[in-house]
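Report on the structure given below.
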Amino acid sequence: MSSTTHSSNIQASYIQLRNISQSFALNDTKVTLFEQLNLTIRQGQSYAIMGPSGAGKSSLLMLMSGLELPSSGQGVYVKDGVKGKQESSLEALRPDIGFIFQQFHLLPELTALNNVALPLKLRGDKEAISKAKVMLTKVGLQDRIHHNPNELSGGEQQRVAIARALVFEPRFIFADEPTGNLDEKSAGDIANILLNCCKDSNAALIMVTHSQVLANKAEHVFNLTHDGLTQLKGYNTKIGHLEAAC
Amino acid sequence: MLITSRALIESRTLLERTKLAWQFYRQEYHLPQQRLLRWTQTILLIFMLALTQSSFSVQQYLTQNLQGLLGADAKISQRQPFTNQQVNDLSEQVKELVATQQIKINFSHQDSWQYISLKAVADSYPLQGELLTATSLAGNTEQSLTGPKQGEIWFDSRLFASFNLKTGDIVHIAKQEFVFTKLIKHEPDRLMAGHNVAMRAMINIADMAKLNFSENLINYRYLLALDSTQLSSLQDWQQQHLPAAQLVHKQGNHPLALFWQRTENFIGLASIILFFMAAIAIEQIALKHQNKEQYFSAVCMSLGASKSTGIVVSILKWCFSLLLLLPIALLAAAACHWLIIHYLTDNFPNLQWQWHYGLSLKTLAFISLIFALFYLPVWYSLLNSSVGKLFTSAKNTGSNFGQKLVSVAVLVIVVLAYSDNALLTMMLVGAMLVTIVLILLLSWLVLTLGEKFTQNLSGLLPFVFFMMKQRLVSKSTQILGVGLSAFLLLFTLMLMHDLGKTMSSYQRQHDGNLMVSKATNDQLSYLKNWASEHNIIIRQNKSYMQAKLIEINEQSLAEHTDKPSDSLATFSREIRMHWNNQLPSNNRLLSGTWWQADSDNWQQVSVEQEVLTDMGLSLGDELTFIISGQRYSFIITASHEFKPGNGSITFWIQIPTAAIAHIQANHYSMASLEVSEQQQPLLAELWQKFPTLRMVSLQQMTERFDNLLAMITKVISGFSMLIILLAGIVILASINAVEANEQKKNSIIMSFGFNRMTCLKLNIIEWLITAMIAAAGAIVGTYLAGLLIYKSQFSLNYQPDFVWLFVTLFIILASVTSLGIIASRKSLNSSIRQLMTE
Ligand SMILES: Nc1ncnc2c1ncn2[C@@H]1O[C@H](COP(=O)(O)OP(=O)(O)OP(=O)(O)O)[C@@H](O)[C@H]1O
Ligand SMILES: [Mg+2]
């Protein structure tokens with residue numbers, strides 16, 4: 001698999017949020033989710049974001065992935081490619097990201113295999129089917145590839161979704177409560193599969209979760225409340241740390 | 001939801017459930033698919049109500065005129081007087097009879113003139129029905145028990161008004177004096193006498209003899225009272241003894257029959273088409289409803305409500321939505337009905353607007369039944385819903401195929417029961433079924449092959465094929481919806497186009513502004529002198545005699561063909577037979593050879609091409625005519641058609657000049673003249689001398705035609721508009737039905753790192769493929785429907801104009817595709833965010 005070559009070549013791509021604030025005007029009152037938030041997400045590492053409901057975890061994911069714009073502050077994507085490090089806006093992140101959702105969101109008319117092959121087909125990859133098979137084997141679903149989503153259990157559906165998110169080798173995977181819909185046992189399984197697969201593909205995993213068990217498996221754990229972002233676990237990144245020169 | 005959930009559990013009585021249903025109805029009122037459902041239902045209601053009311057009014061009008069107010073059970077007429085023997089024979093076969101005579105003359109009074117129809121009636125007139133008269137325009141209408149006495153003349157209101165007459169005035173016809181005594185308000189036998197718009201006057205039959213008109217200008221007729229058992233023997237007798245006479249009876253074939261039959265068939269067809277369109281639209285909407293309602297009832301049950309509560313609430317909600325449509329639908333239908341009746345009064349004088357309550361109730365019940373039928377799957381699925389469905393997101397897929405089949409079968413039965421033209425319905429249903437099968441087959445084939453052959457291409461095309469193939473079931477439903485409505489729309493437009501063309505082909509290029517349609521030789525020579533005297537140019541002048549076709553290859557017309565056509569309708573009366581030595585300069589030879597001048601073989605005939613095909617004739621066939629009471633047979637040796645540019649007077653039937661020596665008959669002429677505005681007063685003098693000279697000014701002629709055409713166009717295009725409207729709704733519905741899925745699909749694609757542009761491109765390609773498959777189905781369906789329906793239902797020859805068809809189809813599909821793309825842009829507004837919050 002190409003994922004092994006990945007890890008040796010490209011190490012240092014990262015997403016950096018600088019002094020990000022997000023607020024909405026709701027019925028003439030300004031609702032502020034967070035202010036002056038700084039965070040760096042590095043490729044190949046895993047992050048968990050916890051916090052009470054409504055704190056803005058999902059919103060933060062959208063900002064990080066460049067799909068929504070913050071009210072103030074800046075997000076940059078530093079990409080380490082063949083030409084060395086290049087800094088660009090988060091817009092450039094698009095081709096390099098994948099998503100996993102609480103509700104799985106598989107296309108109901110497609111078999112597991114076709115669901116996984118979908119992003120590759122869209123990219124015109126002629127080996128889409130065989131690559132999808134490899135990926136499904138990795139998540140342990142080699143026997144269920146021709147089943148439709150409604151014939152699979154929640155855990156199995158989520159595994160298909162993980163395979164689908166990873167199959168086109170994105171550098172960053174965003175997962176919004178990936179185990180929220182699953183029982184404890186399969187939540188644990190899914191968490192392991194997810195973390196392992198991301199490690200294998202050298203992709204960063206950023207997950208929002210309410211589960212302490214799942215969060216503990218990540219290398220970095222943050223807690224988002226209305227008072228801001230605090231790091232509960234992790235070593236090399238200080239809170240509020242800013243790299244001065246890039 | 002919290003408040004309602006408590007209400008749900010507690011609602012045991014019907015009142016509580018009704019309240020609940022009302023609440024849900026209010027909540028859902030503004031949802032787009034609800035709005036679409038309302039629109040479809042309203043349009044269908046308005047259409048069906050207005051249509052049934054109008055056609056019932058017209059049919060009732062016809063029946064009344066033909067029966068109660070018909071004036072007779074049957075009428076026999078010919079251009080010659082009946083002999084005493086014939087009248088005796090006739091009176092023995094019927095209960096009662098009354099003689100009338102009719103002649104068209106130019107009536108002049110104090111320097112103004114009018115072409116009028118003068119009717120003479122016997123003392124026993126009227127036979128049946130009411131003869132209504134008045135003494136002034138504003139005066140009371142009263143029933144007269146007999147017609148005018150000798151020396152009296154009655155006028156109809158139009159003639160009365162145009163001459164500024166008052167009762168007691170003396171008028172002159174052919175030097176005879178008459179006293180104007182009454183205004184005719186209604187003649188019971190008017191419709192049976194044939195539809196014509198000429199102004200009318202009535203005198204006593206004894207006075208007609210004194211006027212000394214030449215016999216062959218008078219239409220002699222007897223109004224007959226008989227019962228249906230006497231009719232067939234009378235018909236036999238007429239065939240044998242008076243083959244050239246025309247027998248009209250109230251059981252059909254009145255002069256308006258073909259005209260009305262075409263319009264009625266078109267309306268019938270339009271209503272069937274609309275029904276199916278609405279079926280498709282509602283079906284597509286119901287698809288979406290099913291999931292929502294199912295979810296709703298599952299929520300109800302998870303909150304502890306019984307299954308019956310869910311269903312009862314759903315049914316009540318449905319009733320609310322229908323009941324609240326009724327006031328608007330009824331008002332709009334009444335207005336449409338009024339408009340239709342208003343348009344029709346030109347051709348159906350005295351047609352009254354009237355709301356038929358019983359009928360409207362019946363129609364309403366009928367349509368509600370159909371609406372309910374479309375909604376049945378929703379309720380059925382509610383029966384099967386369970387709390388479990390809440391948690392497994394399993395959507396009902398192919399399993400409802402059988403259910404669909406059943407509703408299609410029921411729909412066909414209902415439409416058959418509704419429509420009074422089962423053959424037409426079956427033909428349309430047949431064409432639709434073929435189209436459905438074809439579209440399904442094509443969808444499968446195109447998507448399978450498309451996927452296979454584009455596999456090795458790069459770009460978005462292979463992906464679109466892949467996706468469409470994977471979603472074959474839902475896609476083909478959509479393609480079917482679009483394809484069927486494109487087919488129905490295309491067919492309607494084609495029919496409208498061709499009917500319009502047929503109508504306008506009656507319109508010949510005229511030269512001269514005054515047409516003399518019937519002049520005797522004396523009249524013609526006088527006319528020629530008069531013209532040269534006043535420097536008036538006679539543009540054209542052609543002779544003819546009157547002949548009635550009675551047999552084709554020794555078979556009577558009825559035996560020869562039972563398909564109604566314009567030609568057949570015309571042949572039931574006398575036609576003009578022209579003779580010449582050479583092909584006229586405004587004719588073109590299409591088959592056979594024209595006769596040599598003064599050939600010995602005088603029994604040859606050339607027939608106009610359209611008549612030839614209409615009547616199913618071919619070269620070598622033998623036509624037998626009655627001319628002046630004698631039989632003459634001719635062999636068809638040529639066919640011709642009109643060639644514009646050399647005058648407008650042309651004849652369907654032409655024979656060699658040599659034949660004239662063998663036929664004893666009166667000769668008449670048709671001529672066209674150019675009379676300037678200043679010379680118009682000269683005409684009065686002409687008519688005073690020859691009251692029977694048939695002259696029509698061009699304005700009058702085109703006006704009649706234009707009125708008829710305008711009316712048909714109005715009726716037909718009105719219905720076509722409704723069909724276009726519904727087609728739009730079907731397409732919106734089919735987009736709306738899959739919108740949620742599309743939105744999700746787009747979000748998912750975006751979550752793979754693609755942007756909106758890619759999704760838009762994917763949508764466009766998908767719509768183009770959809771349109772192409774739908775187009776293929778539509779064109780085949782239209783061709784087939786034309787083949788089946790044209791000849792048998794509209795007496796039209798089917799010659800599809802493929803260029804026109806393809807251009808129209810292209811326009812339809814371009815609009816469909818744009819509509820689809822515009823509508824699906826909405827689903828592009830989706831975002832990954834929605835996937836997170838869902
Ligand atoms: N576009 C927007 N306009 C207004 N308010 C918004 C918008 N997007 C998010 N919000 C609000 O911001 C708050 C945070 O939403 P978000 O979905 O990020 O919360 P969350 O932390 O993910 O919660 P949960 O754990 O329940 O998923 C919510 O109150 C939400 O209503
Ligand atoms: Mg969230």
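By order of appearance in the structure tokens: chains A, B, ..., then residues from 1 within every chain, and ligands from 1 in the order shown.
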Requested in this report: With a distance cut-off of 12 Å and only C-alpha atoms, select the neighbouring residues of segment 142-149 of chain A, excluding the residue or stretch itself and same-chain residues fewer than 6 positions from it, and output the selection as a PyMOL selection string.
Outcome: (chain A and resi 103-117+129-130+132-136+155-161+163) or (chain B and resi 392-395+397+470)
Selection export as a CSV table (one decimal), in the first residue's frame, atoms kept: N, CA, C and O atoms:
chain,number,residue,atom,x,y,z
A,103,GLN,N,-24.1,9.7,11.7
A,103,GLN,CA,-25.2,8.9,11.1
A,103,GLN,C,-24.7,8.1,9.9
A,103,GLN,O,-25.5,7.7,9.0
A,104,PHE,N,-23.4,7.9,9.8
A,104,PHE,CA,-22.7,7.1,8.7
A,104,PHE,C,-22.9,7.7,7.3
A,104,PHE,O,-21.9,7.9,6.6
A,105,HIS,N,-24.1,8.1,6.9
A,105,HIS,CA,-24.4,8.6,5.6
A,105,HIS,C,-23.8,7.9,4.5
A,105,HIS,O,-23.1,8.4,3.6
A,106,LEU,N,-24.2,6.6,4.4
A,106,LEU,CA,-23.8,5.8,3.2
A,106,LEU,C,-25.0,6.0,2.2
A,106,LEU,O,-26.1,6.3,2.6
A,107,LEU,N,-24.7,5.8,0.9
A,107,LEU,CA,-25.8,6.0,0.0
A,107,LEU,C,-26.6,4.6,0.0
A,107,LEU,O,-26.0,3.6,-0.3
A,108,PRO,N,-27.9,4.7,0.3
A,108,PRO,CA,-28.6,3.4,0.5
A,108,PRO,C,-28.7,2.5,-0.7
A,108,PRO,O,-28.8,1.3,-0.5
A,109,GLU,N,-28.6,3.1,-1.9
A,109,GLU,CA,-28.8,2.2,-3.1
A,109,GLU,C,-27.5,1.5,-3.5
A,109,GLU,O,-27.6,0.6,-4.3
A,110,LEU,N,-26.4,1.9,-2.9
A,110,LEU,CA,-25.1,1.3,-3.3
A,110,LEU,C,-24.7,0.2,-2.3
A,110,LEU,O,-24.9,0.4,-1.1
A,111,THR,N,-24.0,-0.8,-2.8
A,111,THR,CA,-23.4,-1.8,-1.9
A,111,THR,C,-22.3,-1.2,-1.2
A,111,THR,O,-21.8,-0.1,-1.5
A,112,ALA,N,-21.8,-1.9,-0.1
A,112,ALA,CA,-20.7,-1.4,0.6
A,112,ALA,C,-19.5,-1.2,-0.3
A,112,ALA,O,-18.9,-0.1,-0.2
A,113,LEU,N,-19.2,-2.1,-1.2
A,113,LEU,CA,-18.1,-1.9,-2.1
A,113,LEU,C,-18.2,-0.7,-2.9
A,113,LEU,O,-17.3,0.1,-3.0
A,114,ASN,N,-19.4,-0.5,-3.5
A,114,ASN,CA,-19.6,0.7,-4.3
A,114,ASN,C,-19.6,2.0,-3.6
A,114,ASN,O,-19.1,3.0,-4.1
A,115,ASN,N,-20.1,1.9,-2.3
A,115,ASN,CA,-20.0,3.1,-1.5
A,115,ASN,C,-18.5,3.5,-1.3
A,115,ASN,O,-18.2,4.7,-1.3
A,116,VAL,N,-17.7,2.5,-1.0
A,116,VAL,CA,-16.3,2.8,-0.7
A,116,VAL,C,-15.6,3.3,-2.0
A,116,VAL,O,-14.7,4.1,-2.0
A,117,ALA,N,-16.0,2.7,-3.2
A,117,ALA,CA,-15.3,3.0,-4.4
A,117,ALA,C,-15.7,4.4,-4.9
A,117,ALA,O,-15.0,4.9,-5.8
A,129,ILE,N,-12.4,-0.2,-7.8
A,129,ILE,CA,-13.0,-1.3,-7.1
A,129,ILE,C,-11.9,-2.1,-6.3
A,129,ILE,O,-12.2,-2.5,-5.2
A,130,SER,N,-10.8,-2.4,-6.9
A,130,SER,CA,-9.8,-3.2,-6.2
A,130,SER,C,-9.2,-2.5,-5.0
A,130,SER,O,-9.1,-3.1,-3.9
A,132,ALA,N,-10.9,-0.3,-3.2
A,132,ALA,CA,-12.0,-0.3,-2.3
A,132,ALA,C,-12.0,-1.7,-1.5
A,132,ALA,O,-12.3,-1.7,-0.3
A,133,LYS,N,-11.8,-2.7,-2.3
A,133,LYS,CA,-11.8,-4.1,-1.7
A,133,LYS,C,-10.7,-4.1,-0.6
A,133,LYS,O,-10.9,-4.7,0.5
A,134,VAL,N,-9.5,-3.6,-0.9
A,134,VAL,CA,-8.4,-3.7,0.0
A,134,VAL,C,-8.8,-2.9,1.3
A,134,VAL,O,-8.6,-3.4,2.4
A,135,MET,N,-9.4,-1.8,1.1
A,135,MET,CA,-9.8,-0.9,2.2
A,135,MET,C,-10.8,-1.6,3.1
A,135,MET,O,-10.7,-1.6,4.3
A,136,LEU,N,-11.8,-2.2,2.4
A,136,LEU,CA,-12.8,-2.9,3.2
A,136,LEU,C,-12.2,-4.1,4.0
A,136,LEU,O,-12.7,-4.4,5.1
A,155,GLY,N,-22.5,-0.6,13.5
A,155,GLY,CA,-21.0,-0.7,13.6
A,155,GLY,C,-20.4,-1.0,12.2
A,155,GLY,O,-19.4,-0.4,11.8
A,156,GLU,N,-21.0,-1.9,11.5
A,156,GLU,CA,-20.5,-2.3,10.2
A,156,GLU,C,-20.7,-1.1,9.2
A,156,GLU,O,-19.8,-0.8,8.4
A,157,GLN,N,-21.8,-0.4,9.3
A,157,GLN,CA,-22.0,0.7,8.4
A,157,GLN,C,-20.9,1.8,8.7
A,157,GLN,O,-20.3,2.4,7.8
A,158,GLN,N,-20.6,2.0,10.0
A,158,GLN,CA,-19.5,3.0,10.3
A,158,GLN,C,-18.2,2.5,9.7
A,158,GLN,O,-17.4,3.3,9.3
A,159,ARG,N,-18.0,1.2,9.8
A,159,ARG,CA,-16.7,0.7,9.2
A,159,ARG,C,-16.6,1.0,7.7
A,159,ARG,O,-15.6,1.4,7.2
A,160,VAL,N,-17.7,0.8,7.0
A,160,VAL,CA,-17.8,1.1,5.6
A,160,VAL,C,-17.5,2.6,5.4
A,160,VAL,O,-16.7,3.0,4.6
A,161,ALA,N,-18.1,3.4,6.3
A,161,ALA,CA,-17.9,4.9,6.2
A,161,ALA,C,-16.4,5.2,6.4
A,161,ALA,O,-15.8,6.1,5.7
A,163,ALA,N,-13.8,3.2,5.8
A,163,ALA,CA,-13.1,2.8,4.6
A,163,ALA,C,-13.3,3.8,3.5
A,163,ALA,O,-12.3,4.2,2.8
B,392,THR,N,-34.0,1.5,12.2
B,392,THR,CA,-33.3,1.1,11.0
B,392,THR,C,-33.8,2.1,9.9
B,392,THR,O,-35.0,2.3,9.7
B,393,SER,N,-32.9,2.7,9.3
B,393,SER,CA,-33.2,3.7,8.3
B,393,SER,C,-33.6,3.1,7.0
B,393,SER,O,-33.6,3.7,6.0
B,394,ALA,N,-34.1,1.8,7.1
B,394,ALA,CA,-34.4,1.1,5.8
B,394,ALA,C,-35.6,1.8,5.1
B,394,ALA,O,-36.7,2.0,5.7
B,395,LYS,N,-35.4,2.2,3.9
B,395,LYS,CA,-36.5,2.8,3.1
B,395,LYS,C,-37.1,1.7,2.3
B,395,LYS,O,-36.4,0.8,1.9
B,397,THR,N,-38.0,-0.1,-0.7
B,397,THR,CA,-37.4,0.0,-2.0
B,397,THR,C,-38.3,-0.7,-3.0
B,397,THR,O,-39.5,-0.3,-3.2
B,470,GLN,N,-26.4,2.5,-10.5
B,470,GLN,CA,-26.5,2.0,-9.1
B,470,GLN,C,-27.9,2.4,-8.6
B,470,GLN,O,-28.5,1.6,-7.8
Query raised in the report: Using only C-alpha atoms and all ligand atoms, which protein or nucleic acid residues are at most 7 Å from ligand 2, as a PyMOL selection string?
Result: (chain A and resi 56-58+176) or (chain B and resi 836-837)
Just-selected residues, C-alpha atoms written as a CSV table (one decimal), in the first residue's frame:
chain,number,residue,atom,x,y,z
A,56,GLY,CA,-19.3,24.7,19.2
A,57,LYS,CA,-17.4,21.5,18.5
A,58,SER,CA,-19.0,20.8,15.2
A,176,ASP,CA,-18.0,14.1,14.2
B,836,MET,CA,-23.3,16.5,10.9
B,837,THR,CA,-26.5,17.9,12.4
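In this comparison, which uses only C-alpha atoms and all ligand atoms, the residue of A:Met50, A:Val213, A:Val167, A:Leu17 approaching ligand 1 most closely is A:Met50.
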Requested in this report: Could you give me, as an MDAnalysis selection string, every polymer residue with an atom at most 10 Å away from an atom of ligand 1, counting only C-alpha atoms and all ligand atoms?
Outcome: (chainID A and resid 22:27 30:34 49:62 68 102 176:177 208:210 224:226) or (chainID B and resid 833:834 836:838)
Requested in this report: Residues of chain B near chain A: apply a cut-off of 6 Å, count only C-alpha atoms, and supply the list as a list in words.
Outcome: Ala394, Ser458, Phe463, Arg471, Ser751, Phe752 and Gly753 of chain B
Report task. From a DSSP pass on the backbone, collect the residues of segment 85-173 of chain A flagged as strand (DSSP E) and hand them back as a list in words. Result -> Lys85, Gln86, Glu87, Ser88, Ser89, Ile97, Gly98, Phe99, Ile100, Phe172 and Ile173 of chain A
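Relative to atom CA of Ser381 of chain B, atom CA of Val299 of chain B is found at 14.3 Å.
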Can you check which parts of segment 122-148 of chain A lie within 12 Å of segment 190-195 of chain A? Per residue, the shortest pair of atoms and distance in Å to one decimal, counting only C-alpha atoms, sorted by chain and number, as a Markdown table.
| residue | atom | partner | partner_atom | distance |
| --- | --- | --- | --- | --- |
| A:Met135 | CA | A:Ile193 | CA | 11.4 |
| A:Leu136 | CA | A:Ile193 | CA | 11.3 |
| A:Thr137 | CA | A:Ile193 | CA | 11.4 |
| A:Lys138 | CA | A:Ile193 | CA | 8.4 |
| A:Val139 | CA | A:Ile193 | CA | 6.4 |
| A:Gly140 | CA | A:Ile193 | CA | 8.9 |
| A:Leu141 | CA | A:Ile193 | CA | 11.5 |
Same residues, N, CA, C and O atoms, output as an mmCIF file, in the first residue's frame:
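Just written: selection.cif:
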data_model
loop_
_atom_site.group_PDB
_atom_site.id
_atom_site.type_symbol
_atom_site.label_atom_id
_atom_site.label_comp_id
_atom_site.auth_asym_id
_atom_site.auth_seq_id
_atom_site.Cartn_x
_atom_site.Cartn_y
_atom_site.Cartn_z
ATOM 1 N N MET A 135 -9.392 -1.754 1.081
ATOM 2 C CA MET A 135 -9.760 -0.920 2.212
ATOM 3 C C MET A 135 -10.814 -1.597 3.092
ATOM 4 O O MET A 135 -10.738 -1.551 4.321
ATOM 5 N N LEU A 136 -11.786 -2.242 2.424
ATOM 6 C CA LEU A 136 -12.833 -2.929 3.190
ATOM 7 C C LEU A 136 -12.246 -4.106 3.967
ATOM 8 O O LEU A 136 -12.707 -4.430 5.062
ATOM 9 N N THR A 137 -11.246 -4.740 3.394
ATOM 10 C CA THR A 137 -10.578 -5.825 4.106
ATOM 11 C C THR A 137 -9.906 -5.277 5.364
ATOM 12 O O THR A 137 -9.945 -5.871 6.427
ATOM 13 N N LYS A 138 -9.300 -4.109 5.210
ATOM 14 C CA LYS A 138 -8.620 -3.486 6.346
ATOM 15 C C LYS A 138 -9.560 -3.245 7.504
ATOM 16 O O LYS A 138 -9.173 -3.371 8.666
ATOM 17 N N VAL A 139 -10.815 -2.829 7.194
ATOM 18 C CA VAL A 139 -11.754 -2.584 8.286
ATOM 19 C C VAL A 139 -12.504 -3.860 8.666
ATOM 20 O O VAL A 139 -13.452 -3.818 9.437
ATOM 21 N N GLY A 140 -12.099 -4.976 8.078
ATOM 22 C CA GLY A 140 -12.643 -6.267 8.478
ATOM 23 C C GLY A 140 -13.986 -6.610 7.877
ATOM 24 O O GLY A 140 -14.758 -7.366 8.457
ATOM 25 N N LEU A 141 -14.296 -6.035 6.720
ATOM 26 C CA LEU A 141 -15.608 -6.307 6.123
ATOM 27 C C LEU A 141 -15.503 -7.081 4.813
ATOM 28 O O LEU A 141 -16.405 -7.005 3.979
#
Query - All alpha helix (DSSP H) residues (DSSP, backbone) inside segment 10-245 of chain A, as a ChimeraX atom specification - result: /A:57-64,112-122,128-138,154-166,184-201,212-216
Query raised in the report: Leaving out Leu51 of chain B and any residue of its chain fewer than 5 positions from it, which residues lie within 9 Å of it when counting only C-alpha atoms, given as a list in words?
Result: Ile46, Phe56, Ile267, Ser271, Ala333, Cys336, His337 and Ile340 of chain B
Write to file, as a compact mmCIF listing (two decimals), in the first residue's frame, the residues of the selection just made, with N, CA, C and O atoms.
# COMPACT_ATOMS: atom_id res chain seq x y z
N ILE B 46 -60.25 21.69 -10.83
CA ILE B 46 -60.81 22.74 -11.67
C ILE B 46 -61.08 22.20 -13.07
O ILE B 46 -62.15 22.36 -13.63
N PHE B 56 -71.19 18.61 -20.53
CA PHE B 56 -72.56 18.22 -20.24
C PHE B 56 -73.53 19.28 -20.76
O PHE B 56 -74.55 18.95 -21.35
N ILE B 267 -61.23 16.81 -26.33
CA ILE B 267 -61.43 17.11 -24.91
C ILE B 267 -61.32 15.83 -24.09
O ILE B 267 -60.67 15.80 -23.04
N SER B 271 -58.58 15.07 -21.30
CA SER B 271 -58.91 14.74 -19.91
C SER B 271 -58.22 13.46 -19.47
O SER B 271 -57.74 13.35 -18.36
N ALA B 333 -63.61 26.67 -11.20
CA ALA B 333 -64.24 25.81 -12.20
C ALA B 333 -65.48 26.48 -12.78
O ALA B 333 -65.71 26.44 -13.99
N CYS B 336 -64.25 29.05 -15.21
CA CYS B 336 -63.77 28.41 -16.45
C CYS B 336 -64.96 27.94 -17.28
O CYS B 336 -65.00 28.12 -18.49
N HIS B 337 -65.91 27.33 -16.59
CA HIS B 337 -67.11 26.83 -17.25
C HIS B 337 -67.82 27.97 -17.96
O HIS B 337 -68.22 27.86 -19.12
N ILE B 340 -65.86 28.95 -21.08
CA ILE B 340 -66.01 27.97 -22.17
C ILE B 340 -67.37 28.14 -22.85
O ILE B 340 -67.47 28.23 -24.08
Query raised in the report: Taking only C-alpha atoms into account, which of A:Ala128, A:Leu69, A:Leu37, A:Ala12 comes nearest Gln86 of chain A?
Result: A:Ala12
Find the residues near Leu205 of chain A: any atom within 9 Å, counting only C-alpha atoms, skip ones fewer than 3 places away on the same chain, and give them as a PDB file with C-alpha atoms, in the first residue's frame.
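Final output, saved to around_16.pdb:
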ATOM      1  CA  ILE A  41      -3.306  20.024  13.694  1.00  0.00           C
ATOM      2  CA  GLN A  43      -0.701  15.225   9.791  1.00  0.00           C
ATOM      3  CA  GLY A  44      -0.272  11.738  11.200  1.00  0.00           C
ATOM      4  CA  GLN A  45      -1.500  12.554  14.682  1.00  0.00           C
ATOM      5  CA  SER A  46      -4.814  12.043  16.407  1.00  0.00           C
ATOM      6  CA  TYR A  47      -6.907  14.642  18.199  1.00  0.00           C
ATOM      7  CA  ALA A  48     -10.049  14.383  20.249  1.00  0.00           C
ATOM      8  CA  ARG A 171      -4.248  13.891   4.890  1.00  0.00           C
ATOM      9  CA  PHE A 172      -6.872  14.935   7.423  1.00  0.00           C
ATOM     10  CA  ILE A 173      -9.916  12.994   8.597  1.00  0.00           C
ATOM     11  CA  PHE A 174     -12.652  14.827  10.484  1.00  0.00           C
ATOM     12  CA  ALA A 175     -14.995  12.654  12.467  1.00  0.00           C
ATOM     13  CA  LEU A 194     -10.333   4.344  12.991  1.00  0.00           C
ATOM     14  CA  LEU A 195      -7.126   5.184  14.834  1.00  0.00           C
ATOM     15  CA  CYS A 198      -5.442   6.756  10.129  1.00  0.00           C
ATOM     16  CA  LYS A 199      -2.029   5.892  11.482  1.00  0.00           C
ATOM     17  CA  ALA A 218      -6.193   9.964  20.934  1.00  0.00           C
TER      18      ALA A 218
END
